[in-house]
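Data from run.csv: CSV, N, CA, C and O atoms
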chain,number,residue,atom,x,y,z
A,1293,MET,N,88.7,121.0,88.3
A,1293,MET,CA,89.9,120.4,87.6
A,1293,MET,C,90.8,121.5,87.2
A,1293,MET,O,92.0,121.3,87.3
A,1294,ARG,N,90.3,122.6,86.9
A,1294,ARG,CA,91.1,123.8,86.5
A,1294,ARG,C,92.0,124.2,87.6
A,1294,ARG,O,93.2,124.5,87.5
A,1295,LEU,N,91.4,124.3,88.8
A,1295,LEU,CA,92.1,124.7,90.0
A,1295,LEU,C,93.2,123.8,90.4
A,1295,LEU,O,94.3,124.2,90.7
A,1296,ILE,N,93.0,122.5,90.2
A,1296,ILE,CA,94.0,121.4,90.5
A,1296,ILE,C,95.1,121.5,89.5
A,1296,ILE,O,96.2,121.3,89.8
A,1297,ASP,N,94.7,121.8,88.2
A,1297,ASP,CA,95.7,121.8,87.2
A,1297,ASP,C,96.6,123.1,87.3
A,1297,ASP,O,97.8,123.0,86.9
A,1298,GLN,N,96.0,124.2,87.8
A,1298,GLN,CA,96.8,125.4,87.9
A,1298,GLN,C,97.8,125.4,89.1
A,1298,GLN,O,98.9,125.9,89.1
A,1299,ARG,N,97.4,124.7,90.2
A,1299,ARG,CA,98.1,124.7,91.4
A,1299,ARG,C,99.5,124.1,91.3
A,1299,ARG,O,100.5,124.7,91.8
A,1300,PRO,N,99.7,123.0,90.6
A,1300,PRO,CA,101.1,122.4,90.6
A,1300,PRO,C,102.1,123.3,89.9
A,1300,PRO,O,103.3,123.1,90.1
A,1301,LEU,N,101.6,124.2,89.1
A,1301,LEU,CA,102.6,125.2,88.4
A,1301,LEU,C,103.2,126.1,89.5
A,1301,LEU,O,104.3,126.5,89.4
A,1302,ASP,N,102.4,126.5,90.5
A,1302,ASP,CA,102.8,127.4,91.5
A,1302,ASP,C,103.6,126.6,92.6
A,1302,ASP,O,104.6,127.0,93.1
A,1303,THR,N,103.0,125.5,93.0
A,1303,THR,CA,103.5,124.7,94.1
A,1303,THR,C,103.6,123.2,93.7
A,1303,THR,O,102.6,122.5,94.0
A,1304,PRO,N,104.6,122.8,93.0
A,1304,PRO,CA,104.7,121.4,92.5
A,1304,PRO,C,104.8,120.3,93.6
A,1304,PRO,O,104.7,119.2,93.3
A,1305,PHE,N,105.1,120.8,94.8
A,1305,PHE,CA,105.3,119.8,95.9
A,1305,PHE,C,104.0,119.5,96.7
A,1305,PHE,O,104.0,118.7,97.6
A,1306,TYR,N,102.9,120.1,96.3
A,1306,TYR,CA,101.6,119.8,96.9
A,1306,TYR,C,101.1,118.4,96.5
A,1306,TYR,O,101.0,118.1,95.4
A,1307,GLY,N,100.9,117.6,97.5
A,1307,GLY,CA,100.3,116.3,97.3
A,1307,GLY,C,98.8,116.4,97.5
A,1307,GLY,O,98.2,117.5,97.4
A,1308,VAL,N,98.1,115.3,97.7
A,1308,VAL,CA,96.7,115.3,97.8
A,1308,VAL,C,96.2,116.0,99.0
A,1308,VAL,O,95.3,116.8,99.0
A,1309,ARG,N,96.8,115.7,100.2
A,1309,ARG,CA,96.4,116.3,101.4
A,1309,ARG,C,96.5,117.8,101.4
A,1309,ARG,O,95.7,118.6,101.8
A,1310,GLN,N,97.7,118.3,100.9
A,1310,GLN,CA,97.9,119.8,100.9
A,1310,GLN,C,97.0,120.4,99.9
A,1310,GLN,O,96.5,121.6,100.1
A,1311,MET,N,96.7,119.7,98.8
A,1311,MET,CA,95.8,120.3,97.8
A,1311,MET,C,94.4,120.4,98.3
A,1311,MET,O,93.7,121.4,98.1
A,1312,VAL,N,93.9,119.4,99.1
A,1312,VAL,CA,92.6,119.5,99.7
A,1312,VAL,C,92.6,120.6,100.7
A,1312,VAL,O,91.6,121.4,100.8
A,1313,TRP,N,93.6,120.8,101.5
A,1313,TRP,CA,93.7,121.8,102.5
A,1313,TRP,C,93.6,123.2,101.8
A,1313,TRP,O,92.9,124.1,102.3
A,1314,HIS,N,94.4,123.4,100.8
A,1314,HIS,CA,94.4,124.6,100.0
A,1314,HIS,C,93.0,124.9,99.4
A,1314,HIS,O,92.5,126.1,99.5
A,1315,LEU,N,92.4,124.0,98.8
A,1315,LEU,CA,91.1,124.2,98.2
A,1315,LEU,C,90.0,124.4,99.2
A,1315,LEU,O,89.1,125.2,98.9
A,1316,LYS,N,90.1,123.8,100.3
A,1316,LYS,CA,89.1,124.0,101.4
A,1316,LYS,C,89.2,125.4,101.9
A,1316,LYS,O,88.2,126.0,102.3
A,1317,ASN,N,90.4,125.9,102.1
A,1317,ASN,CA,90.7,127.3,102.5
A,1317,ASN,C,90.1,128.3,101.5
A,1317,ASN,O,89.8,129.4,102.0
A,1318,GLU,N,90.1,127.9,100.3
A,1318,GLU,CA,89.5,128.8,99.3
A,1318,GLU,C,88.0,128.8,99.2
A,1318,GLU,O,87.3,129.5,98.5
A,1319,GLY,N,87.4,127.8,100.0
A,1319,GLY,CA,85.9,127.7,100.0
A,1319,GLY,C,85.3,126.7,99.2
A,1319,GLY,O,84.1,126.6,99.0
A,1320,HIS,N,86.1,125.8,98.6
A,1320,HIS,CA,85.6,124.7,97.7
A,1320,HIS,C,85.3,123.5,98.6
A,1320,HIS,O,86.0,123.1,99.5
A,1321,GLY,N,84.2,122.8,98.3
A,1321,GLY,CA,83.8,121.6,99.0
A,1321,GLY,C,84.4,120.4,98.4
A,1321,GLY,O,83.8,119.8,97.4
A,1322,VAL,N,85.6,120.0,98.8
A,1322,VAL,CA,86.3,118.8,98.2
A,1322,VAL,C,86.7,117.9,99.4
A,1322,VAL,O,86.7,118.2,100.5
A,1323,ASN,N,87.0,116.7,99.0
A,1323,ASN,CA,87.5,115.7,99.9
A,1323,ASN,C,88.7,115.0,99.3
A,1323,ASN,O,89.0,115.1,98.1
A,1324,GLN,N,89.4,114.2,100.1
A,1324,GLN,CA,90.7,113.5,99.6
A,1324,GLN,C,90.4,112.5,98.5
A,1324,GLN,O,91.2,112.5,97.5
A,1325,LYS,N,89.3,111.8,98.5
A,1325,LYS,CA,89.0,110.8,97.5
A,1325,LYS,C,88.9,111.5,96.1
A,1325,LYS,O,89.4,111.0,95.1
A,1326,ARG,N,88.1,112.6,96.1
A,1326,ARG,CA,87.9,113.3,94.9
A,1326,ARG,C,89.2,113.9,94.3
A,1326,ARG,O,89.5,113.7,93.1
A,1327,ILE,N,90.0,114.5,95.1
A,1327,ILE,CA,91.2,115.1,94.7
A,1327,ILE,C,92.2,114.1,94.2
A,1327,ILE,O,92.9,114.2,93.2
A,1328,ARG,N,92.3,113.0,94.9
A,1328,ARG,CA,93.2,111.9,94.6
A,1328,ARG,C,92.8,111.3,93.2
A,1328,ARG,O,93.6,111.0,92.3
A,1329,ARG,N,91.5,111.1,93.0
A,1329,ARG,CA,91.0,110.6,91.7
A,1329,ARG,C,91.3,111.6,90.6
A,1329,ARG,O,91.8,111.2,89.5
A,1330,LEU,N,91.0,112.9,90.8
A,1330,LEU,CA,91.3,113.8,89.7
A,1330,LEU,C,92.8,114.0,89.4
A,1330,LEU,O,93.2,114.1,88.3
A,1331,MET,N,93.6,114.0,90.5
A,1331,MET,CA,95.1,114.1,90.3
A,1331,MET,C,95.6,112.8,89.5
A,1331,MET,O,96.5,112.9,88.7
A,1332,ARG,N,95.0,111.7,89.8
A,1332,ARG,CA,95.4,110.5,89.1
A,1332,ARG,C,95.0,110.5,87.7
A,1332,ARG,O,95.7,110.1,86.7
A,1333,LEU,N,93.8,111.1,87.4
A,1333,LEU,CA,93.2,111.2,86.1
A,1333,LEU,C,94.1,112.2,85.2
A,1333,LEU,O,94.3,111.9,84.1
A,1334,MET,N,94.5,113.3,85.9
A,1334,MET,CA,95.4,114.2,85.2
A,1334,MET,C,96.9,113.9,85.2
A,1334,MET,O,97.7,114.6,84.7
A,1335,ARG,N,97.2,112.7,85.9
A,1335,ARG,CA,98.6,112.2,86.0
A,1335,ARG,C,99.5,113.3,86.6
A,1335,ARG,O,100.6,113.5,86.2
A,1336,LEU,N,99.0,113.9,87.7
A,1336,LEU,CA,99.8,114.8,88.5
A,1336,LEU,C,100.4,114.1,89.7
A,1336,LEU,O,99.7,113.4,90.4
A,1337,MET,N,101.7,114.3,89.9
A,1337,MET,CA,102.4,113.7,91.1
A,1337,MET,C,103.2,114.8,91.7
A,1337,MET,O,103.8,115.6,91.0
A,1338,PRO,N,103.2,114.8,93.1
A,1338,PRO,CA,104.1,115.9,93.7
A,1338,PRO,C,105.5,115.6,93.6
A,1338,PRO,O,105.9,114.4,93.4
A,1339,ILE,N,106.3,116.6,93.6
A,1339,ILE,CA,107.8,116.5,93.5
A,1339,ILE,C,108.3,116.6,95.0
A,1339,ILE,O,108.1,117.6,95.6
A,1340,TYR,N,108.9,115.5,95.4
A,1340,TYR,CA,109.5,115.5,96.8
A,1340,TYR,C,110.7,114.6,96.8
A,1340,TYR,O,110.9,113.8,95.9
A,1341,GLN,N,111.6,114.8,97.8
A,1341,GLN,CA,112.8,114.0,97.9
A,1341,GLN,C,112.5,112.6,98.4
A,1341,GLN,O,111.9,112.5,99.5
A,1342,LYS,N,112.8,111.6,97.7
A,1342,LYS,CA,112.6,110.3,98.0
A,1342,LYS,C,113.8,109.7,98.8
A,1342,LYS,O,114.9,110.2,98.7
A,1343,PRO,N,113.6,108.8,99.7
A,1343,PRO,CA,114.7,108.3,100.5
A,1343,PRO,C,115.7,107.5,99.6
A,1343,PRO,O,115.4,106.8,98.7
A,1344,ASN,N,117.0,107.8,99.8
A,1344,ASN,CA,118.1,107.1,99.1
A,1344,ASN,C,118.5,105.9,99.8
A,1344,ASN,O,119.4,106.0,100.7
A,1345,THR,N,117.9,104.8,99.5
A,1345,THR,CA,118.2,103.6,100.3
A,1345,THR,C,119.4,102.8,99.8
A,1345,THR,O,119.8,101.8,100.4
A,1346,SER,N,120.0,103.2,98.7
A,1346,SER,CA,121.1,102.4,98.1
A,1346,SER,C,122.4,102.8,98.7
A,1346,SER,O,123.4,102.1,98.5
A,1347,LYS,N,122.5,103.9,99.4
A,1347,LYS,CA,123.7,104.4,100.1
A,1347,LYS,C,123.8,103.8,101.5
A,1347,LYS,O,122.9,103.9,102.3
A,1348,PRO,N,124.9,103.1,101.9
A,1348,PRO,CA,125.0,102.6,103.2
A,1348,PRO,C,125.3,103.8,104.2
A,1348,PRO,O,125.9,104.8,103.9
A,1349,ARG,N,124.8,103.6,105.4
A,1349,ARG,CA,125.0,104.6,106.4
A,1349,ARG,C,126.3,104.4,107.1
A,1349,ARG,O,126.8,103.3,107.2
A,1350,LYS,N,126.9,105.4,107.7
A,1350,LYS,CA,128.2,105.4,108.4
A,1350,LYS,C,128.1,104.5,109.6
A,1350,LYS,O,129.1,103.9,110.0
A,1351,GLU,N,126.9,104.5,110.3
A,1351,GLU,CA,126.8,103.8,111.6
A,1351,GLU,C,126.8,102.3,111.4
A,1351,GLU,O,127.1,101.6,112.3
A,1352,HIS,N,126.4,101.8,110.2
A,1352,HIS,CA,126.4,100.4,110.0
A,1352,HIS,C,127.7,99.9,109.5
A,1352,HIS,O,128.2,100.3,108.5
A,1353,ARG,N,128.3,99.0,110.3
A,1353,ARG,CA,129.6,98.5,110.1
A,1353,ARG,C,129.5,97.3,109.1
A,1353,ARG,O,128.7,96.4,109.3
A,1354,ALA,N,130.4,97.3,108.1
A,1354,ALA,CA,130.4,96.1,107.2
A,1354,ALA,C,131.4,95.1,107.8
A,1354,ALA,O,132.6,95.4,108.1
A,1355,TYR,N,130.9,93.9,108.1
A,1355,TYR,CA,131.8,92.9,108.7
A,1355,TYR,C,132.5,92.1,107.5
A,1355,TYR,O,131.9,91.8,106.5
A,1356,PRO,N,133.8,91.8,107.7
A,1356,PRO,CA,134.6,91.2,106.7
A,1356,PRO,C,134.2,89.7,106.5
A,1356,PRO,O,133.6,89.1,107.4
A,1357,CYS,N,134.5,89.1,105.4
A,1357,CYS,CA,134.2,87.7,105.1
A,1357,CYS,C,135.2,86.9,106.0
A,1357,CYS,O,136.4,87.2,106.0
A,1358,LEU,N,134.7,86.0,106.8
A,1358,LEU,CA,135.5,85.2,107.7
A,1358,LEU,C,136.4,84.1,107.0
A,1358,LEU,O,137.3,83.6,107.6
A,1359,LEU,N,136.0,83.9,105.8
A,1359,LEU,CA,136.8,82.9,105.0
A,1359,LEU,C,138.1,83.4,104.5
A,1359,LEU,O,139.1,82.6,104.3
A,1360,GLY,N,138.2,84.7,104.4
A,1360,GLY,CA,139.5,85.3,104.0
A,1360,GLY,C,139.9,84.9,102.6
A,1360,GLY,O,139.1,85.0,101.7
A,1361,GLY,N,141.0,84.4,102.4
A,1361,GLY,CA,141.5,84.0,101.1
A,1361,GLY,C,141.4,82.5,100.9
A,1361,GLY,O,142.0,81.9,100.0
A,1362,LEU,N,140.6,81.8,101.7
A,1362,LEU,CA,140.4,80.4,101.6
A,1362,LEU,C,139.7,80.0,100.3
A,1362,LEU,O,138.7,80.5,99.9
A,1363,ARG,N,140.3,79.1,99.6
A,1363,ARG,CA,139.8,78.6,98.3
A,1363,ARG,C,138.9,77.4,98.5
A,1363,ARG,O,139.4,76.4,99.0
A,1364,VAL,N,137.6,77.5,98.2
A,1364,VAL,CA,136.7,76.4,98.4
A,1364,VAL,C,136.7,75.6,97.1
A,1364,VAL,O,136.2,76.0,96.1
A,1365,ASP,N,137.3,74.4,97.1
A,1365,ASP,CA,137.4,73.6,95.9
A,1365,ASP,C,136.7,72.2,96.0
A,1365,ASP,O,136.8,71.4,95.1
A,1366,ARG,N,136.1,71.9,97.2
A,1366,ARG,CA,135.5,70.6,97.3
A,1366,ARG,C,134.2,70.8,98.2
A,1366,ARG,O,134.2,71.7,99.0
A,1367,SER,N,133.3,69.9,98.1
A,1367,SER,CA,132.1,70.0,98.9
A,1367,SER,C,132.4,69.6,100.3
A,1367,SER,O,133.2,68.7,100.5
A,1368,GLY,N,131.7,70.2,101.2
A,1368,GLY,CA,131.9,69.9,102.6
A,1368,GLY,C,133.1,70.6,103.3
A,1368,GLY,O,133.3,70.4,104.4
A,1369,GLN,N,133.8,71.4,102.5
A,1369,GLN,CA,134.9,72.1,103.1
A,1369,GLN,C,134.5,73.3,104.0
A,1369,GLN,O,135.1,73.5,105.0
A,1370,VAL,N,133.4,73.9,103.6
A,1370,VAL,CA,132.9,75.1,104.4
A,1370,VAL,C,131.5,74.7,104.8
A,1370,VAL,O,130.7,74.3,104.0
A,1371,TRP,N,131.3,74.8,106.1
A,1371,TRP,CA,130.0,74.5,106.7
A,1371,TRP,C,129.3,75.8,107.1
A,1371,TRP,O,129.9,76.7,107.6
A,1372,TRP,N,128.0,75.8,107.0
A,1372,TRP,CA,127.2,76.9,107.5
A,1372,TRP,C,127.0,76.7,109.0
A,1372,TRP,O,126.8,75.6,109.5
A,1373,GLN,N,127.1,77.8,109.8
A,1373,GLN,CA,126.9,77.8,111.2
A,1373,GLN,C,125.9,78.9,111.6
A,1373,GLN,O,126.0,80.0,111.1
A,1374,PRO,N,124.9,78.5,112.4
A,1374,PRO,CA,123.9,79.6,112.8
A,1374,PRO,C,124.6,80.7,113.5
A,1374,PRO,O,125.6,80.6,114.2
A,1375,ARG,N,124.0,81.9,113.3
A,1375,ARG,CA,124.6,83.1,113.8
A,1375,ARG,C,124.6,83.2,115.3
A,1375,ARG,O,125.4,83.8,116.0
A,1376,ALA,N,123.6,82.5,115.9
A,1376,ALA,CA,123.5,82.5,117.4
A,1376,ALA,C,124.6,81.9,118.1
A,1376,ALA,O,125.0,82.2,119.2
A,1377,SER,N,125.3,80.9,117.4
A,1377,SER,CA,126.4,80.2,118.0
A,1377,SER,C,127.7,80.8,117.7
A,1377,SER,O,128.7,80.4,118.3
A,1378,CYS,N,127.8,81.8,116.8
A,1378,CYS,CA,129.0,82.5,116.5
A,1378,CYS,C,129.4,83.5,117.5
A,1378,CYS,O,128.5,84.1,118.1
A,1379,ARG,N,130.6,83.7,117.7
A,1379,ARG,CA,131.0,84.8,118.6
A,1379,ARG,C,131.5,85.9,117.8
A,1379,ARG,O,132.4,85.8,116.9
A,1380,GLY,N,130.9,87.1,118.0
A,1380,GLY,CA,131.3,88.3,117.2
A,1380,GLY,C,131.1,89.5,118.0
A,1380,GLY,O,130.8,89.5,119.2
A,1381,PRO,N,131.2,90.7,117.3
A,1381,PRO,CA,131.0,91.9,118.1
A,1381,PRO,C,129.6,92.1,118.6
A,1381,PRO,O,129.4,92.9,119.5
A,1382,TRP,N,128.6,91.4,118.1
A,1382,TRP,CA,127.2,91.6,118.5
A,1382,TRP,C,126.9,90.7,119.7
A,1382,TRP,O,125.9,90.9,120.4
A,1383,LYS,N,127.8,89.8,120.1
A,1383,LYS,CA,127.6,88.9,121.2
A,1383,LYS,C,128.8,88.9,122.1
A,1383,LYS,O,129.9,88.8,121.7
A,1384,THR,N,128.6,89.1,123.4
A,1384,THR,CA,129.7,89.1,124.3
A,1384,THR,C,129.7,87.9,125.2
A,1384,THR,O,128.8,87.2,125.4
Produce C-alpha cells that represent the structure in this file.
Amino acid sequence: MRLIDQRPLDTPFYGVRQMVWHLKNEGHGVNQKRIRRLMRLMRLMPIYQKPNTSKPRKEHRAYPCLLGGLRVDRSGQVWWQPRASCRGPWKT
C-alpha cells in the first residue's frame, strides 16, 4: 500500500494497469484485482482528460426548424411525419 500511495505523487496519471506494470517491473507480485481494490480503498483515481461531449463538432450540421415562424395555436395544425418519407439533405 505504501508503494501505491507514493506513486500517484510522482505520476498522477497512472491507472490500475500502469500501476500493475510499474510494480511488476520492480519485482512485486501483484495483479489487477489487488491493485484496483487497494486504489479504491485509498480513494485514488488517475488524472486524465475526459471526453468533452457537450461541445458540438464542426462536421455535424444543425438542421433548421422546418416550421419557421409558424405559430401553432390549435390541435391538428402540425402533424408528425416519419423521417423516411421526408426529403432532405440525407436522402436524394
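You can rank A:Leu1315, A:Ala1354, A:Val1370, A:Val1308 by their closest distance to Pro1338 (chain A) using only N, CA, C and O atoms, and at the top of that list sits A:Val1308.
All residues in chain A with a DSSP state of alpha helix (DSSP H), computed from the backbone, read A:Arg1294, A:Leu1295, A:Ile1296, A:Asp1297, A:Gln1298, A:Arg1299, A:Pro1300, A:Leu1301, A:Asp1302, A:Val1308, A:Arg1309, A:Gln1310, A:Met1311, A:Val1312, A:Trp1313, A:His1314, A:Leu1315, A:Lys1316, A:Asn1317, A:Gln1324, A:Lys1325, A:Arg1326, A:Ile1327, A:Arg1328, A:Arg1329, A:Leu1330, A:Met1331, A:Arg1332, A:Leu1333.
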Counting only C-alpha atoms, I want the residues whose atoms come within 12 Å of (87.5, 120.5, 85.8) in the file frame, returned as an MDAnalysis selection string. chainID A and resid 1293:1298 1326:1327 1330:1331 1333:1334
